[in-house]
Every structure is written in structure tokens, then in C-alpha cells.
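Shown next: start07.cif, given as mmCIF, C-alpha atoms and all ligand atoms.
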data_upload
loop_
_atom_site.label_atom_id
_atom_site.label_comp_id
_atom_site.auth_asym_id
_atom_site.auth_seq_id
_atom_site.Cartn_x
_atom_site.Cartn_y
_atom_site.Cartn_z
CA MET K 1 -2.63 0.40 48.33
CA PRO K 2 -3.45 -2.70 46.20
CA ARG K 3 -2.49 -2.36 42.55
CA VAL K 4 -5.15 -1.96 39.86
CA ARG K 5 -5.85 -5.31 38.21
CA VAL K 6 -5.98 -5.23 34.42
CA LEU K 7 -7.24 -8.08 32.23
CA LEU K 8 -5.59 -7.70 28.82
CA LEU K 9 -7.30 -9.72 26.09
CA GLY K 10 -4.43 -10.36 23.73
CA GLY K 11 -3.02 -12.40 20.90
CA THR K 12 -1.62 -9.36 19.06
CA THR K 13 1.64 -7.42 18.86
CA GLU K 14 -0.08 -4.37 20.37
CA ALA K 15 -1.27 -6.39 23.39
CA ARG K 16 2.25 -7.67 24.06
CA ARG K 17 3.61 -4.17 23.71
CA LEU K 18 1.03 -2.76 26.14
CA ALA K 19 1.80 -5.49 28.68
CA GLY K 20 5.48 -4.56 28.45
CA LEU K 21 4.64 -0.88 28.98
CA VAL K 22 2.44 -1.23 32.07
CA ALA K 23 3.28 -4.54 33.78
CA GLY K 24 5.49 -2.66 36.27
CA GLU K 25 2.68 -0.29 37.27
CA PHE K 26 -0.42 -2.50 37.30
CA THR K 27 -1.16 -6.14 37.95
CA VAL K 28 -1.58 -7.29 34.36
CA VAL K 29 -3.10 -10.63 33.39
CA SER K 30 -2.83 -11.26 29.66
CA SER K 31 -5.31 -13.70 28.19
CA LEU K 32 -4.58 -15.78 25.09
CA ALA K 33 -7.06 -17.99 23.28
CA GLY K 34 -4.61 -20.88 23.03
CA ARG K 35 -4.71 -21.24 19.23
CA THR K 36 -0.93 -21.05 18.83
CA ARG K 37 1.23 -23.88 20.14
CA ASP K 38 4.25 -21.72 20.86
CA PRO K 39 2.86 -18.23 21.58
CA LEU K 40 5.06 -15.18 22.13
CA LEU K 41 4.46 -14.49 25.82
CA PRO K 42 3.92 -10.96 27.17
CA ALA K 43 5.27 -9.46 30.40
CA GLY K 44 3.18 -10.03 33.54
CA ASP K 45 0.87 -12.95 34.24
CA VAL K 46 -0.62 -15.03 31.43
CA ARG K 47 -3.71 -17.23 31.31
CA ILE K 48 -4.56 -19.36 28.29
CA GLY K 49 -7.91 -20.63 26.95
CA GLY K 50 -11.51 -19.47 26.54
CA PHE K 51 -13.58 -18.20 29.47
CA GLY K 52 -16.80 -19.99 28.53
CA GLY K 53 -18.77 -17.24 26.80
CA VAL K 54 -20.11 -14.03 28.34
CA THR K 55 -21.21 -15.78 31.54
CA GLY K 56 -17.80 -17.37 32.04
CA LEU K 57 -15.98 -14.11 31.43
CA ALA K 58 -18.30 -12.18 33.77
CA ALA K 59 -17.65 -14.78 36.50
CA TYR K 60 -13.89 -14.55 35.88
CA LEU K 61 -13.98 -10.75 36.22
CA ARG K 62 -15.80 -11.02 39.55
CA GLU K 63 -13.75 -13.89 40.97
CA THR K 64 -10.36 -12.40 40.12
CA ARG K 65 -11.45 -8.85 41.07
CA ILE K 66 -10.48 -7.31 37.73
CA ASP K 67 -10.72 -3.49 37.81
CA VAL K 68 -10.42 -2.80 34.09
CA VAL K 69 -10.41 -4.79 30.83
CA VAL K 70 -8.40 -3.91 27.74
CA ASP K 71 -9.62 -5.65 24.60
CA ALA K 72 -6.47 -5.74 22.49
CA THR K 73 -7.54 -8.75 20.43
CA HIS K 74 -7.17 -8.87 16.67
CA PRO K 75 -9.71 -6.68 14.79
CA PHE K 76 -11.25 -9.87 13.35
CA ALA K 77 -11.70 -11.58 16.74
CA ALA K 78 -15.29 -10.28 16.79
CA THR K 79 -16.77 -12.88 19.12
CA MET K 80 -14.25 -12.24 21.88
CA SER K 81 -14.74 -8.46 21.53
CA GLU K 82 -18.51 -8.80 21.76
CA HIS K 83 -18.19 -11.04 24.82
CA ALA K 84 -15.86 -8.55 26.50
CA PHE K 85 -18.29 -5.72 25.85
CA GLU K 86 -21.24 -7.64 27.28
CA ALA K 87 -19.41 -9.09 30.29
CA CYS K 88 -17.93 -5.70 31.27
CA ALA K 89 -21.37 -4.10 31.05
CA ALA K 90 -22.88 -6.89 33.16
CA VAL K 91 -20.24 -6.64 35.90
CA GLY K 92 -19.72 -2.87 35.73
CA VAL K 93 -16.03 -3.01 34.79
CA PRO K 94 -14.62 -0.31 32.47
CA LEU K 95 -13.52 -1.48 29.02
CA LEU K 96 -10.90 0.00 26.71
CA VAL K 97 -10.56 -1.25 23.13
CA LEU K 98 -7.06 -1.14 21.63
CA ARG K 99 -7.39 -1.57 17.87
CA ARG K 100 -4.75 -0.71 15.31
CA PRO K 101 -6.02 1.37 12.39
CA GLY K 102 -7.13 -0.37 9.22
CA TRP K 103 -5.47 0.19 5.84
CA SER K 104 -6.58 2.63 3.15
CA ALA K 105 -5.83 2.45 -0.55
CA GLY K 106 -3.50 5.05 -2.06
CA PRO K 107 -2.35 5.99 -5.56
CA GLY K 108 -1.35 2.93 -7.57
CA ASP K 109 -3.38 0.50 -5.46
CA ASP K 110 -5.90 -1.78 -7.20
CA TRP K 111 -8.07 -2.83 -4.26
CA HIS K 112 -11.53 -4.31 -4.16
CA ARG K 113 -13.19 -4.24 -0.73
CA VAL K 114 -15.40 -7.18 0.22
CA ALA K 115 -17.54 -7.84 3.29
CA SER K 116 -16.44 -11.41 3.92
CA LEU K 117 -14.06 -14.20 2.97
CA ALA K 118 -16.95 -15.85 1.10
CA GLU K 119 -17.36 -12.75 -1.05
CA ALA K 120 -13.60 -12.70 -1.74
CA ALA K 121 -13.82 -16.35 -2.80
CA ASP K 122 -16.73 -15.55 -5.16
CA LEU K 123 -14.67 -12.87 -6.92
CA LEU K 124 -11.52 -14.87 -7.23
CA PRO K 125 -11.55 -16.46 -10.63
CA GLN K 126 -12.23 -13.06 -12.28
CA ARG K 127 -9.54 -11.23 -10.29
CA GLY K 128 -6.77 -13.82 -10.48
CA ARG K 129 -5.93 -17.51 -10.40
CA ARG K 130 -2.63 -17.67 -8.53
CA VAL K 131 -3.63 -16.41 -5.14
CA PHE K 132 -1.55 -15.24 -2.17
CA LEU K 133 -3.89 -15.94 0.74
CA THR K 134 -2.89 -14.23 4.00
CA THR K 135 -6.21 -14.56 5.83
CA GLY K 136 -4.98 -17.11 8.39
CA ARG K 137 -5.62 -20.84 8.62
CA GLN K 138 -9.17 -20.43 9.94
CA GLY K 139 -10.14 -18.65 6.72
CA LEU K 140 -9.12 -21.39 4.31
CA ALA K 141 -12.45 -23.22 4.32
CA SER K 142 -14.06 -20.41 2.31
CA PHE K 143 -11.72 -21.21 -0.60
CA ALA K 144 -11.93 -25.01 -0.40
CA GLU K 145 -14.06 -25.42 -3.53
CA HIS K 146 -11.82 -23.30 -5.75
CA ASP K 147 -10.14 -25.97 -7.86
CA GLY K 148 -9.66 -23.42 -10.67
CA CYS K 149 -7.20 -21.42 -8.57
CA TRP K 150 -3.81 -22.17 -7.03
CA PHE K 151 -3.11 -20.83 -3.53
CA LEU K 152 -0.07 -19.82 -1.53
CA ALA K 153 -1.51 -19.77 1.99
CA ARG K 154 0.50 -18.24 4.81
CA SER K 155 -0.30 -19.04 8.44
CA VAL K 156 1.41 -19.35 11.82
CA GLU K 157 0.08 -22.85 12.51
CA PRO K 158 -0.51 -25.69 10.00
CA PRO K 159 -4.04 -25.47 8.53
CA GLU K 160 -6.68 -28.17 8.80
CA ALA K 161 -9.33 -29.32 6.31
CA PRO K 162 -11.46 -28.09 4.67
CA MET K 163 -8.96 -26.17 2.58
CA PRO K 164 -8.14 -25.73 -1.10
CA ARG K 165 -6.79 -28.77 -2.91
CA ARG K 166 -4.27 -26.89 -5.06
CA MET K 167 -2.34 -25.10 -2.32
CA GLU K 168 1.13 -24.61 -0.91
CA VAL K 169 1.33 -23.72 2.78
CA LEU K 170 3.90 -21.27 4.06
CA LEU K 171 4.29 -21.46 7.86
CA ASP K 172 5.58 -18.09 8.96
CA ARG K 173 4.97 -15.38 11.52
CA GLY K 174 5.64 -11.69 10.79
CA PRO K 175 6.99 -9.11 10.72
CA PHE K 176 7.49 -9.30 6.95
CA THR K 177 9.52 -7.02 4.69
CA VAL K 178 8.55 -5.47 1.35
CA ALA K 179 11.56 -7.16 -0.30
CA GLY K 180 10.51 -10.54 1.10
CA GLU K 181 6.88 -10.12 0.03
CA ARG K 182 7.95 -9.00 -3.45
CA GLU K 183 10.17 -12.04 -3.80
CA LEU K 184 7.33 -14.38 -2.78
CA ILE K 185 4.89 -12.80 -5.24
CA ILE K 186 7.37 -13.03 -8.12
CA ARG K 187 8.61 -16.55 -7.30
CA HIS K 188 5.10 -17.99 -7.10
CA ARG K 189 3.78 -15.95 -10.05
CA ILE K 190 1.01 -14.56 -7.82
CA ASP K 191 -1.63 -12.52 -9.67
CA VAL K 192 -3.96 -11.60 -6.78
CA LEU K 193 -3.58 -11.00 -3.03
CA VAL K 194 -6.38 -11.78 -0.57
CA THR K 195 -6.06 -10.22 2.87
CA LYS K 196 -8.15 -9.15 5.84
CA ASP K 197 -7.99 -5.44 6.73
CA SER K 198 -5.94 -6.24 9.82
CA GLY K 199 -3.79 -3.09 9.79
CA GLY K 200 -0.12 -3.06 10.70
CA SER K 201 2.98 -2.60 8.57
CA GLY K 202 1.35 -3.76 5.33
CA ALA K 203 4.54 -4.83 3.54
CA LYS K 204 2.50 -7.18 1.33
CA LEU K 205 0.33 -4.27 0.20
CA VAL K 206 3.36 -2.20 -0.80
CA ALA K 207 4.74 -5.17 -2.74
CA ALA K 208 1.35 -5.73 -4.44
CA ARG K 209 1.22 -2.05 -5.47
CA GLU K 210 4.76 -2.12 -6.86
CA LEU K 211 4.05 -5.30 -8.83
CA GLU K 212 0.58 -4.08 -9.90
CA ILE K 213 -1.20 -7.04 -8.32
CA PRO K 214 -4.90 -6.57 -7.45
CA VAL K 215 -5.94 -6.96 -3.81
CA LEU K 216 -9.18 -8.36 -2.38
CA MET K 217 -9.47 -6.63 1.01
CA VAL K 218 -11.89 -8.15 3.53
CA ASP K 219 -13.53 -5.43 5.65
CA ARG K 220 -13.36 -5.52 9.44
CA PRO K 221 -16.31 -6.58 11.55
CA ALA K 222 -17.92 -3.77 13.57
CA ALA K 223 -16.00 -2.79 16.69
CA PRO K 224 -17.68 -2.60 20.12
CA ALA K 225 -19.02 0.83 21.10
CA ALA K 226 -16.44 1.40 23.86
CA ASP K 227 -13.58 3.86 24.48
CA THR K 228 -11.07 3.06 21.74
CA VAL K 229 -7.41 3.88 21.14
CA SER K 230 -5.17 2.78 18.29
CA THR K 231 -1.73 2.43 19.89
CA ALA K 232 -0.28 0.69 22.92
CA ASP K 233 1.16 4.03 24.10
CA ASP K 234 -2.31 5.63 24.08
CA ALA K 235 -3.73 2.62 25.92
CA ALA K 236 -1.03 2.97 28.60
CA THR K 237 -1.89 6.67 28.97
CA TRP K 238 -5.60 5.83 29.30
CA LEU K 239 -4.83 3.26 32.02
CA ARG K 240 -2.62 5.71 33.92
CA GLN K 241 -5.34 8.37 33.83
CA ARG K 242 -7.93 5.86 35.05
CA GLY K 243 -6.11 4.87 38.15
CA ARG K 244 -3.08 3.63 39.84
P1 LIG S 1 -12.98 -15.14 18.25
O1 LIG S 1 -13.56 -15.90 17.10
O2 LIG S 1 -13.41 -13.74 18.46
O3 LIG S 1 -13.22 -15.90 19.64
C1 LIG S 1 -13.76 -17.22 19.73
C2 LIG S 1 -13.61 -17.68 21.16
O4 LIG S 1 -12.21 -17.90 21.47
C3 LIG S 1 -14.06 -16.68 22.20
O5 LIG S 1 -15.47 -16.73 22.35
C4 LIG S 1 -13.27 -17.11 23.41
O6 LIG S 1 -13.82 -18.31 23.95
C5 LIG S 1 -11.94 -17.51 22.82
N1 LIG S 1 -10.99 -16.40 22.79
C6 LIG S 1 -10.68 -15.57 21.75
N2 LIG S 1 -9.72 -14.71 22.10
C7 LIG S 1 -9.41 -14.99 23.38
C8 LIG S 1 -8.47 -14.45 24.30
N3 LIG S 1 -7.64 -13.44 23.97
N4 LIG S 1 -8.42 -14.99 25.54
C9 LIG S 1 -9.24 -16.01 25.90
N5 LIG S 1 -10.14 -16.57 25.06
C10 LIG S 1 -10.22 -16.07 23.82
O7 LIG S 1 -11.38 -15.20 18.17
P2 LIG S 1 -10.42 -15.66 16.97
O8 LIG S 1 -10.66 -14.79 15.79
O9 LIG S 1 -10.48 -17.15 16.86
O10 LIG S 1 -9.01 -15.23 17.58
C11 LIG S 1 -8.46 -15.97 18.65
C12 LIG S 1 -7.23 -15.23 19.16
O11 LIG S 1 -6.28 -15.10 18.12
C13 LIG S 1 -7.53 -13.83 19.68
O12 LIG S 1 -6.87 -13.68 20.90
C14 LIG S 1 -6.97 -12.91 18.62
O13 LIG S 1 -6.42 -11.73 19.19
C15 LIG S 1 -5.88 -13.75 17.98
N6 LIG S 1 -5.74 -13.49 16.53
C16 LIG S 1 -6.83 -13.57 15.70
C17 LIG S 1 -6.68 -13.31 14.35
C18 LIG S 1 -7.86 -13.35 13.41
O14 LIG S 1 -7.67 -13.08 12.21
N7 LIG S 1 -9.07 -13.62 13.87
C19 LIG S 1 -5.41 -12.98 13.85
C20 LIG S 1 -4.32 -12.91 14.72
C21 LIG S 1 -4.49 -13.17 16.07
P3 LIG S 1 -14.88 -18.29 25.17
O15 LIG S 1 -16.20 -17.89 24.57
O16 LIG S 1 -14.84 -19.67 25.70
O17 LIG S 1 -14.39 -17.27 26.17
#

In C-alpha cells, write the structure found in this file.
Ligand code: NAP
Amino acid sequence: MPRVRVLLLGGTTEARRLAGLVAGEFTVVSSLAGRTRDPLLPAGDVRIGGFGGVTGLAAYLRETRIDVVVDATHPFAATMSEHAFEACAAVGVPLLVLRRPGWSAGPGDDWHRVASLAEAADLLPQRGRRVFLTTGRQGLASFAEHDGCWFLARSVEPPEAPMPRRMEVLLDRGPFTVAGERELIIRHRIDVLVTKDSGGSGAKLVAARELEIPVLMVDRPAAPAADTVSTADDAATWLRQRGR
């Protein structure tokens, strides 16, 4: 019997983990956007680059006879998630969303939730002037006009203009440790952290709490209204129940 063909929309740790869990049972094609020059590659087949919108993705699903799509993209990759939802509906292919849980504030946290990077930028001078910016290189444009603040911006790939003038770039890819994050905050005299509510280990949030640094937390975009799980293990179980 031919194996079930899974398209795994990736670019996250969870997607790589899921590919590793099920590549021996299903035919898995992981899809990466191609933003990172030296991506960590998952098990199974890999394709790289956009599909060409909803129409392109729908055509890809038909042509490659995909049986099921798992959207394991980053919680802030809203366009890709929306396209997956629409293309799957158009072609009649089941969709599972794998999305790690967001963060919630606990005792000792000084968080301010905002709806967008622009709103975080608006609040910045009041909240702090030495800013640890962990929103990724594509988010830097929102802070480009902030000459009154100094930024430590961390990203996997070098950023491109527009970006803040007073900024040091730290090229690094997680996982990060609490001790490492604490050291960065102290060394650079950071007085505010700006982050997207990506979820994950959250070492920077623990360090910010310990050092009593306020956090501007950018809320997630709405997720597609599809079956959703929060771990790679649960996604693997869902796939196994659906068919083999
Ligand atoms: P996005 O804004 O939602 O997507 C923009 C376009 O990029 C999509 O319309 C699609 O092009 C293409 N694309 C995105 N993800 C793709 C994938 N997995 N495979 C093939 N094409 C993809 O996405 P983004 O926020 O730029 O994120 C791009 C990738 O980086 C995603 O795979 C995501 O998981 C990963 N990532 C994003 C963030 C973040 O903060 N946004 C953080 C870490 C990792 P077409 O319309 O041509 O199909």
C-alpha cells in the first residue's frame, strides 16, 4: 500500500522534531521558506521556497498528491498559515496545526502586552532606553526611527535596512540558557526586553524576571480554525490515527 504523503510546513524546532518522529512511517516532505542561508535540515525530503500564494500551494498539493498537511510554522508566520488553511480547504486535504503554547506572566514578571511591533516601538522610550530586541531581523524596521534608544538586536541572519541607527547585532540561534541571557542583560545594561510571544523555553523571560527588567510582549496573530496540537508527539499521534 502506498505510504501517506505528508507536507510539513516548517522552519521551527517542533517541525524538525515531528519530521524525525514520523519520517520512517510516512512520506514526509518538509517545506522551508528559504530565509535562512544554512538551515537545520529535518529528516525526510525537503523543499525550499514559497509556493506562490494560495493558488500555488493548492496546485502543489494536487500535483504531488499530498494526503495531509501539517502547519508547524512559527506562530508569527501568519500569511503561510492562512494560505495553508485556504489551500487545504480548496483541495479537500486535511490540515493539522502544530503550535507551541504561548507564554503567560507569573509572579515577579513585569510584562506589558501589545498587539504589534509598532505598538511596542511606541511604548519604548517610557519603558526603557537600552533595549534587548529579540523579535527577529524582519521586525527591526518598526524601531528604525528610535534614535533615543540603544538596541541589542539578536537574529539568526544579518539584518537589512531599515533598522535602528544605534544598534549592536548579535547573530545567534537558540537554544539559550538563563545564565547566558542574564549575562547579556547585565553586560549591555539592558533595561527593557522586547519579544514576540513565540513560546518555547523562555530563558530570556526568566532572566528578565530575576533582574526585574520590564518586558514588552507582542501578542500572536490569530491561528487558523483547524485541528490544533501543541507538541510534536501529539502531532505524530494525530497523524497515526488519521492513517497509515
Ligand atoms: P509568512 O510571513 O507567514 O510567509 C510569507 C511567505 O513566505 C508565504 O506566503 C510563503 O510564500 C513563504 N513561506 C513562509 N513559510 C514557508 C514555508 N514553511 N515553506 C514555504 N514557503 C513559506 O512567514 P515568515 O513569518 O516570513 O516566516 C518564514 C519562515 O520562517 C516560516 O517557515 C516560519 O516557520 C519561520 N520562522 C518565522 C519566524 C517569525 O517570527 N515570523 C520565526 C522563526 C521561524 P508563498 O506565498 O510564495 O507560498

Identify, counting only C-alpha atoms and all ligand atoms, the protein, DNA and RNA residues located within 9 Å of ligand LIG 1 (chain S), and give them as JSON, numbers by chain.
{"K": [8, 9, 10, 11, 12, 13, 15, 30, 31, 32, 33, 34, 35, 36, 47, 48, 49, 50, 51, 52, 53, 54, 55, 56, 57, 71, 72, 73, 74, 75, 76, 77, 78, 79, 80, 81, 82, 83, 84, 135, 136, 137, 138, 139, 196, 198]}

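Of the residues under consideration (K:Val194, K:Leu205, K:Leu61, K:Leu98), K:Val194 shows the shortest atom-to-atom contact distance to K:Asp122 when counting all atoms listed in the file.
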
Can you pull out every residue within 8 Å of K:Leu193, counting all atoms listed in the file, but drop anything in the same chain fewer than 5 positions away, and send it as a PyMOL selection string?
chain K and resi 131-134+208+213-216

(1.8, -27.9, 4.4) in this file's frame - what residues fall within 9 Å of it? Use only C-alpha atoms and give the answer as JSON, numbers by chain.
{"K": [158, 159, 167, 168, 169, 170, 171]}

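Closest approach to K:Val4 among K:Val178, K:Val218, K:Leu239, K:Ala207 is made by K:Leu239 (distances from all atoms listed in the file).
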
Using only C-alpha atoms, can you tell me which of K:Ala153, K:Glu160, K:Phe143, K:Glu210 comes closest to K:Ala120?
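Using only C-alpha atoms, the shortest distance to K:Ala120 belongs to K:Phe143.
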
Let me make sure I understand: among K:Arg130, K:Leu140, K:Asp219, K:Leu152, which one has the smallest atom-to-atom distance to K:Asp191 if we use all atoms listed in the file?
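Among K:Arg130, K:Leu140, K:Asp219, K:Leu152, it is K:Arg130 that comes nearest to K:Asp191.
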
Measuring atom to atom with all atoms listed in the file, identify which of K:Gly24, K:Gly174, K:Gly180, K:Pro164 is nearest to K:Ala236.
K:Gly24

So, counting only C-alpha atoms, which residue among K:Ala58, K:Thr237, K:His112, K:Glu212 is closest to K:Ile185?
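Among the listed residues, K:Glu212 lies closest to K:Ile185.
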
Calculate how many Å separate atom CA of K:Gly199 from atom CA of K:Met217, rounding to one decimal.
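Computing the Euclidean distance for atom CA of K:Gly199 and atom CA of K:Met217 yields 11.0 Å.
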
Kindly give the distance, in Å, that separates atom CA of K:Ala89 and atom CA of K:Asp45, rounded to a single decimal.
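Between these atoms lies a distance of 24.1 Å.
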
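Protein and nucleic acid residues near (-7.2, 0.5, 31.7) are Val6, Val68, Val69, Val70, Leu96, Trp238, Leu239 and Arg242 of chain K, the criterion being any atom at most 7 Å away using all atoms listed in the file.
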
Mind giving me the straight-line distance from atom CA of K:Ala226 to atom CA of K:Leu117 in Å, one decimal?
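We find that atom CA of K:Ala226 and atom CA of K:Leu117 lie 26.2 Å from each other.
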
Missing atoms in stretch 82-116 of chain K: fill them in up to N, CA and C atoms and send the result as a PDB file, in the frame of the given file.
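Result file is selection_29.pdb:
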ATOM      1  N   GLU K  82     -17.093  -8.921  21.372  1.00  0.00           N
ATOM      2  CA  GLU K  82     -18.510  -8.800  21.760  1.00  0.00           C
ATOM      3  C   GLU K  82     -18.710  -9.326  23.184  1.00  0.00           C
ATOM      4  N   HIS K  83     -18.081 -10.461  23.472  1.00  0.00           N
ATOM      5  CA  HIS K  83     -18.190 -11.040  24.820  1.00  0.00           C
ATOM      6  C   HIS K  83     -17.620 -10.093  25.868  1.00  0.00           C
ATOM      7  N   ALA K  84     -16.484  -9.470  25.543  1.00  0.00           N
ATOM      8  CA  ALA K  84     -15.860  -8.550  26.500  1.00  0.00           C
ATOM      9  C   ALA K  84     -16.789  -7.372  26.765  1.00  0.00           C
ATOM     10  N   PHE K  85     -17.390  -6.864  25.719  1.00  0.00           N
ATOM     11  CA  PHE K  85     -18.290  -5.720  25.850  1.00  0.00           C
ATOM     12  C   PHE K  85     -19.475  -6.083  26.761  1.00  0.00           C
ATOM     13  N   GLU K  86     -20.059  -7.229  26.505  1.00  0.00           N
ATOM     14  CA  GLU K  86     -21.240  -7.640  27.280  1.00  0.00           C
ATOM     15  C   GLU K  86     -20.885  -7.978  28.726  1.00  0.00           C
ATOM     16  N   ALA K  87     -19.785  -8.689  28.925  1.00  0.00           N
ATOM     17  CA  ALA K  87     -19.410  -9.090  30.290  1.00  0.00           C
ATOM     18  C   ALA K  87     -19.037  -7.860  31.113  1.00  0.00           C
ATOM     19  N   CYS K  88     -18.318  -6.918  30.524  1.00  0.00           N
ATOM     20  CA  CYS K  88     -17.930  -5.700  31.270  1.00  0.00           C
ATOM     21  C   CYS K  88     -19.177  -4.909  31.654  1.00  0.00           C
ATOM     22  N   ALA K  89     -20.134  -4.823  30.737  1.00  0.00           N
ATOM     23  CA  ALA K  89     -21.370  -4.100  31.050  1.00  0.00           C
ATOM     24  C   ALA K  89     -22.112  -4.809  32.175  1.00  0.00           C
ATOM     25  N   ALA K  90     -22.141  -6.140  32.140  1.00  0.00           N
ATOM     26  CA  ALA K  90     -22.880  -6.890  33.160  1.00  0.00           C
ATOM     27  C   ALA K  90     -22.260  -6.725  34.547  1.00  0.00           C
ATOM     28  N   VAL K  91     -20.925  -6.668  34.604  1.00  0.00           N
ATOM     29  CA  VAL K  91     -20.240  -6.640  35.900  1.00  0.00           C
ATOM     30  C   VAL K  91     -19.933  -5.204  36.342  1.00  0.00           C
ATOM     31  N   GLY K  92     -20.019  -4.261  35.387  1.00  0.00           N
ATOM     32  CA  GLY K  92     -19.720  -2.870  35.730  1.00  0.00           C
ATOM     33  C   GLY K  92     -18.225  -2.583  35.774  1.00  0.00           C
ATOM     34  N   VAL K  93     -17.485  -3.225  34.873  1.00  0.00           N
ATOM     35  CA  VAL K  93     -16.030  -3.010  34.790  1.00  0.00           C
ATOM     36  C   VAL K  93     -15.747  -2.171  33.542  1.00  0.00           C
ATOM     37  N   PRO K  94     -14.920  -1.114  33.665  1.00  0.00           N
ATOM     38  CA  PRO K  94     -14.620  -0.310  32.470  1.00  0.00           C
ATOM     39  C   PRO K  94     -13.858  -1.110  31.404  1.00  0.00           C
ATOM     40  N   LEU K  95     -14.134  -0.766  30.152  1.00  0.00           N
ATOM     41  CA  LEU K  95     -13.520  -1.480  29.020  1.00  0.00           C
ATOM     42  C   LEU K  95     -12.837  -0.470  28.103  1.00  0.00           C
ATOM     43  N   LEU K  96     -11.600  -0.771  27.739  1.00  0.00           N
ATOM     44  CA  LEU K  96     -10.900   0.000  26.710  1.00  0.00           C
ATOM     45  C   LEU K  96     -10.630  -0.931  25.541  1.00  0.00           C
ATOM     46  N   VAL K  97     -10.890  -0.464  24.317  1.00  0.00           N
ATOM     47  CA  VAL K  97     -10.560  -1.250  23.130  1.00  0.00           C
ATOM     48  C   VAL K  97      -9.280  -0.673  22.518  1.00  0.00           C
ATOM     49  N   LEU K  98      -8.299  -1.538  22.326  1.00  0.00           N
ATOM     50  CA  LEU K  98      -7.060  -1.140  21.630  1.00  0.00           C
ATOM     51  C   LEU K  98      -7.089  -1.813  20.255  1.00  0.00           C
ATOM     52  N   ARG K  99      -7.246  -1.004  19.231  1.00  0.00           N
ATOM     53  CA  ARG K  99      -7.390  -1.570  17.870  1.00  0.00           C
ATOM     54  C   ARG K  99      -6.530  -0.781  16.905  1.00  0.00           C
ATOM     55  N   ARG K 100      -5.594  -1.456  16.247  1.00  0.00           N
ATOM     56  CA  ARG K 100      -4.750  -0.710  15.310  1.00  0.00           C
ATOM     57  C   ARG K 100      -5.574  -0.257  14.115  1.00  0.00           C
ATOM     58  N   PRO K 101      -5.215   0.869  13.511  1.00  0.00           N
ATOM     59  CA  PRO K 101      -6.020   1.370  12.390  1.00  0.00           C
ATOM     60  C   PRO K 101      -6.000   0.409  11.211  1.00  0.00           C
ATOM     61  N   GLY K 102      -7.071   0.435  10.442  1.00  0.00           N
ATOM     62  CA  GLY K 102      -7.130  -0.370   9.220  1.00  0.00           C
ATOM     63  C   GLY K 102      -6.301   0.309   8.117  1.00  0.00           C
ATOM     64  N   TRP K 103      -6.236  -0.344   6.968  1.00  0.00           N
ATOM     65  CA  TRP K 103      -5.470   0.190   5.840  1.00  0.00           C
ATOM     66  C   TRP K 103      -6.376   1.007   4.920  1.00  0.00           C
ATOM     67  N   SER K 104      -5.808   1.970   4.213  1.00  0.00           N
ATOM     68  CA  SER K 104      -6.580   2.630   3.150  1.00  0.00           C
ATOM     69  C   SER K 104      -5.762   2.644   1.859  1.00  0.00           C
ATOM     70  N   ALA K 105      -6.484   2.521   0.758  1.00  0.00           N
ATOM     71  CA  ALA K 105      -5.830   2.450  -0.550  1.00  0.00           C
ATOM     72  C   ALA K 105      -5.259   3.812  -0.922  1.00  0.00           C
ATOM     73  N   GLY K 106      -4.130   3.808  -1.586  1.00  0.00           N
ATOM     74  CA  GLY K 106      -3.500   5.050  -2.060  1.00  0.00           C
ATOM     75  C   GLY K 106      -3.274   4.964  -3.561  1.00  0.00           C
ATOM     76  N   PRO K 107      -2.614   5.988  -4.121  1.00  0.00           N
ATOM     77  CA  PRO K 107      -2.350   5.990  -5.560  1.00  0.00           C
ATOM     78  C   PRO K 107      -1.592   4.725  -5.978  1.00  0.00           C
ATOM     79  N   GLY K 108      -2.024   4.128  -7.059  1.00  0.00           N
ATOM     80  CA  GLY K 108      -1.350   2.930  -7.570  1.00  0.00           C
ATOM     81  C   GLY K 108      -1.915   1.638  -7.021  1.00  0.00           C
ATOM     82  N   ASP K 109      -2.790   1.727  -6.011  1.00  0.00           N
ATOM     83  CA  ASP K 109      -3.380   0.500  -5.460  1.00  0.00           C
ATOM     84  C   ASP K 109      -4.587   0.071  -6.304  1.00  0.00           C
ATOM     85  N   ASP K 110      -4.731  -1.232  -6.488  1.00  0.00           N
ATOM     86  CA  ASP K 110      -5.900  -1.780  -7.200  1.00  0.00           C
ATOM     87  C   ASP K 110      -6.611  -2.711  -6.210  1.00  0.00           C
ATOM     88  N   TRP K 111      -7.403  -2.078  -5.327  1.00  0.00           N
ATOM     89  CA  TRP K 111      -8.070  -2.830  -4.260  1.00  0.00           C
ATOM     90  C   TRP K 111      -9.549  -2.980  -4.566  1.00  0.00           C
ATOM     91  N   HIS K 112     -10.077  -4.114  -4.124  1.00  0.00           N
ATOM     92  CA  HIS K 112     -11.530  -4.310  -4.160  1.00  0.00           C
ATOM     93  C   HIS K 112     -11.927  -4.734  -2.754  1.00  0.00           C
ATOM     94  N   ARG K 113     -12.780  -3.906  -2.100  1.00  0.00           N
ATOM     95  CA  ARG K 113     -13.190  -4.240  -0.730  1.00  0.00           C
ATOM     96  C   ARG K 113     -14.365  -5.203  -0.751  1.00  0.00           C
ATOM     97  N   VAL K 114     -14.315  -6.211   0.115  1.00  0.00           N
ATOM     98  CA  VAL K 114     -15.400  -7.180   0.220  1.00  0.00           C
ATOM     99  C   VAL K 114     -15.796  -7.311   1.694  1.00  0.00           C
ATOM    100  N   ALA K 115     -17.022  -7.793   1.912  1.00  0.00           N
ATOM    101  CA  ALA K 115     -17.540  -7.840   3.290  1.00  0.00           C
ATOM    102  C   ALA K 115     -17.129  -9.118   4.011  1.00  0.00           C
ATOM    103  N   SER K 116     -16.712 -10.123   3.263  1.00  0.00           N
ATOM    104  CA  SER K 116     -16.440 -11.410   3.920  1.00  0.00           C
ATOM    105  C   SER K 116     -15.462 -12.234   3.073  1.00  0.00           C
TER     106      SER K 116
END
